[in-house]
There are 2 protein chains.
Amino acid sequence: MTSSKTPNKSADESDVNAALESGRRRATINDIARLAGVSKKTVSRVINQSPFVREETRVRIEAVIAEWGYAPDPQARGLAFRRSFLIGMIYDNPNPQYVVNMQLGLLDGMRGSGFELVVHPCDRSSPTFLQDVRMFIERQKLFGVVLPPSVSEDERVADLLRDIGCEYIRIASVPLDEEEHMIVGHDRLGAQAMGEHLVSLGHERIGFITGLPSFRSSHERRGGFEDALAKAGVKLDPDYVVQGAYTFESGLACGEALLAKTPRPTAIFAGNDEMAAGVLQAARRAGLTVPEDLTVVGFDDFQIAQAVWPPLTTIHIPTREVGRMAAEKLIAREGYEPGDPAKTIPYLVTRESSAPPKKV
Amino acid sequence: MTSSKTPNKSADESDVNAALESGRRRATINDIARLAGVSKKTVSRVINQSPFVREETRVRIEAVIAEWGYAPDPQARGLAFRRSFLIGMIYDNPNPQYVVNMQLGLLDGMRGSGFELVVHPCDRSSPTFLQDVRMFIERQKLFGVVLPPSVSEDERVADLLRDIGCEYIRIASVPLDEEEHMIVGHDRLGAQAMGEHLVSLGHERIGFITGLPSFRSSHERRGGFEDALAKAGVKLDPDYVVQGAYTFESGLACGEALLAKTPRPTAIFAGNDEMAAGVLQAARRAGLTVPEDLTVVGFDDFQIAQAVWPPLTTIHIPTREVGRMAAEKLIAREGYEPGDPAKTIPYLVTRESSAPPKKV
DNA sequence: GAAGCCCTTGACACCGGTTTCCACTCCCTT
DNA sequence: AAGGGAGTGGAAACCGGTGTCAAGGGCTTC
C-alpha cells in the first residue's frame with residue numbers, strides 16, 4: 001500500500017511527506033509525481049523539457065519540484081539513457097598550470113549543467129594506452145571527452161572515439177578534424193605577434209628554441225615566427241634554431257648553446273616560458289644582463305613568466321576561456337552560441353625582458 | 001523469446017552470442033549468467049566476492065567473465081547500491097602544482113579500483129559554498145571525498161559530511177579529526193628541519209615570512225621553525241616576522257620590508273617557494289647576491305624552486321604520495337595497509353640559495 | 001454526427017545491477 | 001527415516017529514471 005503507484009491524492013500522502021521530511025530521504029520522481037498528481041512519465045517529460053506537456057501541468061509540476069528541491073538522479077537517468085553525465089578530460093600535458101587552467105575552463109563551461117568532470121591523465125607511450133582510454137570511456141559511458149594537446153593530436157585516439165561513438169572535442173593549435181570536434185588555438189598567430197614584436201624592437205639576429213617535435217604547437221610556433229620574420233625581410237638562420245624540450249633544463253642548455261654562438265644573438269625566443277626561464281639563467285651564468293645585453297621572450301604566459309627576473313615578455317594563451325568554450329561546445333548547452341573565436345587567440349604581453357638590441 | 005530468462009543452454013545461445021559479437025553490445029550480467037548457466041544473482045555474488053558460492057561455480061563464472069571481458073556497469077551498480085563509484089576532490093588550494101600532484105596521487109591510489117575522480121574546485125567565501133558542496137555530493141551520491149587544505153580545515157565542511165554520512169579524508173598539517181578521517185602532513189617537522197638547517201649554517205638573525213593566517217600550515221610552519229630555533233638557543237625576533245600571502249608578489253613586498261630593517265637579516269625563510277622567489281627578486285633589486293649576501297629558503301619544493309636563480313633550498317612535501325595514501329584509505333582497498341606515515345613527512349632539499357652568513 | 005487528427009497523459013516494460021525471500025540440496029544428527 | 005542446519009541457487013521486487021505505445025479529450029472536417 002505504501003508503494004501504491006496510482007495517484008492517490010488523499011490516502012497516504014501525509015504518510016509519504018513525513019517519510020520525506022523526517023527521514024532524510026531525497027525526493028524521487030515518484031514522489032514528485034504523486035505530489036503533483038501525475039504519472040512519473042509526465043514528470044520525466046517536464047525534466048527533459050518535452051514540448052508535449054500542457055503549460056498548466058508543467059507549471060504545477062515545476063512548482064512541486066522547486067518546493068521539494070528535487071533533482072533527478074544522474075545515475076538512474078544515465079542508466080536509462082545508456083550514457084552518463086560525465087565529461088572526461090584525457091590529457092598528458094605535463095604543465096600543471098595548463099592542466100589546472102583547462103580544468104577550470106571546462107568547469108566554467110559545465111557550471112549548472114548537471115555534468116561533472118572526470119580527470120584522466122595518461123601516458124601515450126604506454127602499450128595499453130588505447131585500451132585504457134577505451135575502457136575508461138566505455139565503462140563510465142562518458143557523455144563526451146575533451147582532448148587537450150598533445151593527446152588531441154593523436155589520430156589513434158580520434159579514430160577510437162569515432163569508432164565507439166563518443167562525443168569529443170580536440171583542442172589543438174591547428175585544425176585536425178571537422179569543425180564540430182575542434183577548438184583551434186592558433187599558436188601560429190601568437191608566434192607571429194612575437195616575431196613582429198622582436199622585429200619592431202630592431203632585432204635581426206634572433207635565436208629560437210623549439211619545443212618537442214611531438215607537439216604540434218612546436219612547429220606552429222616556429223612557423224608563425226618565421227612567417228613574421230620573413231614578412232619583415234629578416235631571415236631566421238637555421239643555425240640559430242635549437243631543439244628544446246619545453247622544460248626549464250632544456251631551456252638552460254639551449255640558451256647556453258645559443259649564447260656560445262658567434263656572433264651572439266641579440267634576442268632569444270623560447271617556445272615556452274619555462275625554457276625562457278632557463279635561458280634567463282643561462283644569460284646570468286654568461287654574465288649577461290637581460291634585457292640590456294639580451295632580449296629573452298617566452299610563450300604561454302604562465303605564472304613563471306612573472307616570477308622570474310626580469311618578468312618575461314610572452315604570449316598569453318587564454319586557456320581557461322578555451323576550456324570553457326570546449327565544454328560548452330561539447331554539451332551544446334541551451335543558449336550556446338559558438339563563442340567568439342577571437343577570444344581563443346593568443347596575444348602579446350609585454351614585460352621587462354624585451355628591449356631593443358644594444359647599439360654596436 | 002529472444003529475452004528468455006531461463007537458462008537455455010542450447011536454444012538461442014548462438015543467437016545471443018551473435019548479438020554480442022557482431023553488434024557492439026557490451027556483455028551484461030544477464031549474458032554472463034546465461035552463458036555460465038546460472039542466475040544473475042549468482043554472478044552478482046561472484047562479482048561481489050560473496051563467500052556463498054561453490055568454488056566450482058565461481059571458477060566457471062569467472063572464466064566466462066574473463067572470456068567476454070565483462071565489467072559491471074558502474075551506473076547500474078551505483079543505482080542499486082545507492083552510492084556511486086566516484087570520489088570527489090573538493091579544493092580551493094590556489095597552487096596548480098599542488099592540485100595536479102594531489103590529483104595524480106589520488107589517481108595512483110585509485111588505479112584499478114573502478115573508482116573515478118571528479119574534481120570540484122570551490123570558493124569557501126561564497127555564500128552558497130556549503131549548499132554547493134552538499135548538492136555536489138548528494139546529487140552524485142559520491143562514494144567519498146578528499147579534502148586538501150584549506151578546505152580540509154573548515155569544520156563546517158567536516159560537519160556537513162558527517163551529517164550526510166559521506167566518507168571523507170582530510171589532508172591537513174595537524175590532526176583535526178579522528179584518525180580514520182585524516183592524513184597528517186606534519187608541516188611542523190618540515191619547518192623544524194629548515195630551522196635546523198639555517199642554524200647549522202650559522203644564521204642567527206633570520207627573517208620569516210608567514211603564509212596566510214587562514215591556512216593552518218602557516219602557523220605550523222612558523223611554529224616548527226620557532227621550535228627549532230629555540231632548541232638551538234636562537235630567538236626569532238617578532239620584528240623580523242612579516243605577514244605574507246603565499247604569493248610571489250607578497251614575497252616580493254615582504255622581502256623588501258625585511259631587507260629594509262637594520263640590521264639586515266642574514267637569511268630569510270619564506271613560508272612557501274613562491275614567496276621565496278619574490279624574496280629573491282627583492283634581494284636582486286636591493287643589489288644583494290644570493291646566497292653570498294643573503295640566504296633565501298622556501299617551502300614546498302614546487303617547480304619554481306628549481307626554476308629561479310639560484311635554485312632554492314626548500315622543504316619537499318611528498319604531495320603525490322600523500323594523495324595516494326588518502327585515496328587508498330578512502331576506498332579501503334583490499335590489501336590496503338595503513339601506509340608508511342614516514343613517507344608523508346616533509347624533508348629538506350638543499351640547493352644553492354642557502355649558505356653560511358658572511359663573516360662580518 | 002461520425003471520422004480523423006492533434007495534443008496530453010499514463011501504463012508498462014526496460015536500463016543493469018542488488019536485495020529480499022524462499023526453495024532446494026547436501027550432510028550430519030538423532 | 002525423519003529432522004535440522006548450513007550452503008547454494010533462483011524468482012521477483014527494487015533502485016530511479018526513460019522509451020514505447022495506446023488511450024482519452026477536444027477540435028476540425030466532410
# chains A, B, ... in the order shown; residues from 1 in each chain; ligands from 1
>>> interface_residues(of="chain B", to="chain C", cutoff="7 Å", atoms="only C-alpha atoms (C1' of nucleotides)", output="ChimeraX atom specification")
/B:28,73,76-77,80-81
>>> select_by_dssp(residues="region 20-232 of chain A", states="strand (DSSP E)", output="MDAnalysis selection string")
chainID A and resid 86:91 116:121 144:147 167:172 182:184 206:210
>>> write_last_selection(atoms="N, CA, C and O atoms", output="short mmCIF file (atom, residue, chain, number, x, y, z; two decimals), in the first residue's frame")
data_model
loop_
_atom_site.label_atom_id
_atom_site.label_comp_id
_atom_site.auth_asym_id
_atom_site.auth_seq_id
_atom_site.Cartn_x
_atom_site.Cartn_y
_atom_site.Cartn_z
N LEU A 86 28.91 12.44 -17.34
CA LEU A 86 30.29 12.74 -17.00
C LEU A 86 31.06 13.14 -18.25
O LEU A 86 30.87 12.55 -19.32
N ILE A 87 31.89 14.14 -18.09
CA ILE A 87 32.78 14.57 -19.17
C ILE A 87 34.19 14.19 -18.76
O ILE A 87 34.61 14.47 -17.64
N GLY A 88 34.89 13.53 -19.64
CA GLY A 88 36.27 13.15 -19.33
C GLY A 88 37.26 14.13 -19.92
O GLY A 88 37.06 14.66 -21.01
N MET A 89 38.30 14.38 -19.16
CA MET A 89 39.41 15.16 -19.72
C MET A 89 40.59 14.22 -19.75
O MET A 89 41.08 13.78 -18.72
N ILE A 90 41.01 13.88 -20.97
CA ILE A 90 42.11 12.92 -21.15
C ILE A 90 43.32 13.71 -21.59
O ILE A 90 43.29 14.34 -22.65
N TYR A 91 44.36 13.69 -20.80
CA TYR A 91 45.48 14.58 -21.10
C TYR A 91 46.81 13.99 -20.69
O TYR A 91 46.88 13.13 -19.82
N GLU A 116 29.53 16.51 -14.69
CA GLU A 116 30.70 16.59 -13.83
C GLU A 116 31.94 16.23 -14.63
O GLU A 116 31.86 15.55 -15.65
N LEU A 117 33.07 16.68 -14.12
CA LEU A 117 34.34 16.48 -14.83
C LEU A 117 35.15 15.37 -14.19
O LEU A 117 35.43 15.40 -13.00
N VAL A 118 35.52 14.39 -15.00
CA VAL A 118 36.35 13.28 -14.53
C VAL A 118 37.71 13.40 -15.20
O VAL A 118 37.78 13.45 -16.43
N VAL A 119 38.75 13.49 -14.41
CA VAL A 119 40.07 13.71 -15.00
C VAL A 119 40.80 12.40 -15.24
O VAL A 119 40.66 11.44 -14.48
N HIS A 120 41.53 12.38 -16.32
CA HIS A 120 42.18 11.13 -16.70
C HIS A 120 43.53 11.40 -17.36
O HIS A 120 43.64 11.45 -18.59
N PRO A 121 44.55 11.60 -16.54
CA PRO A 121 45.88 11.75 -17.12
C PRO A 121 46.29 10.43 -17.75
O PRO A 121 45.78 9.37 -17.36
N GLY A 144 31.03 12.55 -23.07
CA GLY A 144 31.98 13.05 -24.05
C GLY A 144 33.33 13.27 -23.41
O GLY A 144 33.47 13.17 -22.19
N VAL A 145 34.33 13.52 -24.23
CA VAL A 145 35.66 13.78 -23.70
C VAL A 145 36.26 15.02 -24.36
O VAL A 145 35.93 15.37 -25.48
N VAL A 146 37.14 15.63 -23.59
CA VAL A 146 37.90 16.77 -24.11
C VAL A 146 39.36 16.35 -24.19
O VAL A 146 39.89 15.75 -23.25
N LEU A 147 39.97 16.64 -25.30
CA LEU A 147 41.36 16.25 -25.52
C LEU A 147 42.24 17.48 -25.73
O LEU A 147 42.20 18.09 -26.80
N GLU A 167 31.25 11.41 -28.10
CA GLU A 167 31.47 12.81 -28.46
C GLU A 167 32.85 13.25 -28.01
O GLU A 167 33.33 12.81 -26.96
N TYR A 168 33.45 14.14 -28.73
CA TYR A 168 34.76 14.63 -28.30
C TYR A 168 35.06 16.01 -28.87
O TYR A 168 34.48 16.41 -29.89
N ILE A 169 35.93 16.71 -28.18
CA ILE A 169 36.44 18.00 -28.65
C ILE A 169 37.95 17.94 -28.57
O ILE A 169 38.50 17.60 -27.52
N ARG A 170 38.59 18.25 -29.67
CA ARG A 170 40.05 18.30 -29.67
C ARG A 170 40.48 19.76 -29.57
O ARG A 170 39.97 20.60 -30.31
N ILE A 171 41.42 19.99 -28.70
CA ILE A 171 41.96 21.34 -28.57
C ILE A 171 43.38 21.31 -29.11
O ILE A 171 44.23 20.62 -28.56
N ALA A 172 43.59 21.98 -30.21
CA ALA A 172 44.92 21.89 -30.83
C ALA A 172 45.26 23.21 -31.50
O ALA A 172 44.42 24.09 -31.65
N MET A 182 36.53 20.50 -32.99
CA MET A 182 37.79 21.22 -32.77
C MET A 182 37.61 22.56 -32.04
O MET A 182 36.63 23.26 -32.24
N ILE A 183 38.58 22.85 -31.21
CA ILE A 183 38.79 24.24 -30.78
C ILE A 183 40.23 24.52 -31.19
O ILE A 183 41.15 23.80 -30.77
N VAL A 184 40.40 25.52 -32.01
CA VAL A 184 41.74 25.78 -32.55
C VAL A 184 42.41 26.91 -31.77
O VAL A 184 41.81 27.95 -31.53
N ILE A 206 68.25 36.57 -34.23
CA ILE A 206 67.40 36.05 -33.15
C ILE A 206 67.55 34.54 -33.03
O ILE A 206 67.51 33.82 -34.03
N GLY A 207 67.74 34.08 -31.81
CA GLY A 207 67.79 32.64 -31.57
C GLY A 207 66.40 32.12 -31.28
O GLY A 207 65.56 32.83 -30.71
N PHE A 208 66.13 30.90 -31.68
CA PHE A 208 64.82 30.31 -31.42
C PHE A 208 65.00 28.93 -30.82
O PHE A 208 65.80 28.13 -31.29
N ILE A 209 64.25 28.67 -29.78
CA ILE A 209 64.30 27.34 -29.16
C ILE A 209 62.95 26.67 -29.38
O ILE A 209 61.92 27.15 -28.90
N THR A 210 62.96 25.59 -30.11
CA THR A 210 61.70 24.91 -30.42
C THR A 210 61.30 24.02 -29.25
O THR A 210 62.12 23.64 -28.42
#
>>> closest_atom_pairs(of="chain B", to="chain A", cutoff="7 Å", atoms="only C-alpha atoms", output="Markdown table")
| residue | atom | partner | partner_atom | distance |
| --- | --- | --- | --- | --- |
| B:Asp73 | CA | A:Arg139 | CA | 6.4 |
| B:Pro74 | CA | A:Gln140 | CA | 6.8 |
| B:Gln75 | CA | A:Gln75 | CA | 5.3 |
| B:Ala76 | CA | A:Leu79 | CA | 6.2 |
| B:Gly78 | CA | A:Gln75 | CA | 7.0 |
| B:Leu79 | CA | A:Gln75 | CA | 6.0 |
| B:Pro96 | CA | A:Gln97 | CA | 5.3 |
| B:Gln97 | CA | A:Pro96 | CA | 5.3 |
| B:Val100 | CA | A:Pro96 | CA | 5.8 |
| B:Glu116 | CA | A:Val118 | CA | 6.8 |
| B:Leu117 | CA | A:Val118 | CA | 5.6 |
| B:Val118 | CA | A:Val118 | CA | 4.6 |
| B:Val119 | CA | A:Leu117 | CA | 6.3 |
| B:Arg139 | CA | A:Asp73 | CA | 6.3 |
| B:Gln140 | CA | A:Pro74 | CA | 6.7 |
| B:Phe248 | CA | A:Ala307 | CA | 6.5 |
| B:Ala277 | CA | A:Ala307 | CA | 6.7 |
| B:Gln281 | CA | A:Trp309 | CA | 6.6 |
| B:Ala307 | CA | A:Phe248 | CA | 6.5 |
| B:Val308 | CA | A:Val308 | CA | 6.4 |
| B:Trp309 | CA | A:Gln281 | CA | 6.6 |
>>> interface_residues(of="chain B", to="chain D", cutoff="12 Å", atoms="only C-alpha atoms (C1' of nucleotides)", output="PyMOL selection string")
chain B and resi 5-7+33+37-45+50-58+75-83
>>> select_by_dssp(residues="region 163-264 of chain A", states="alpha helix (DSSP H)", output="PyMOL selection string")
chain A and resi 163-164+187-201+216-231+248-259
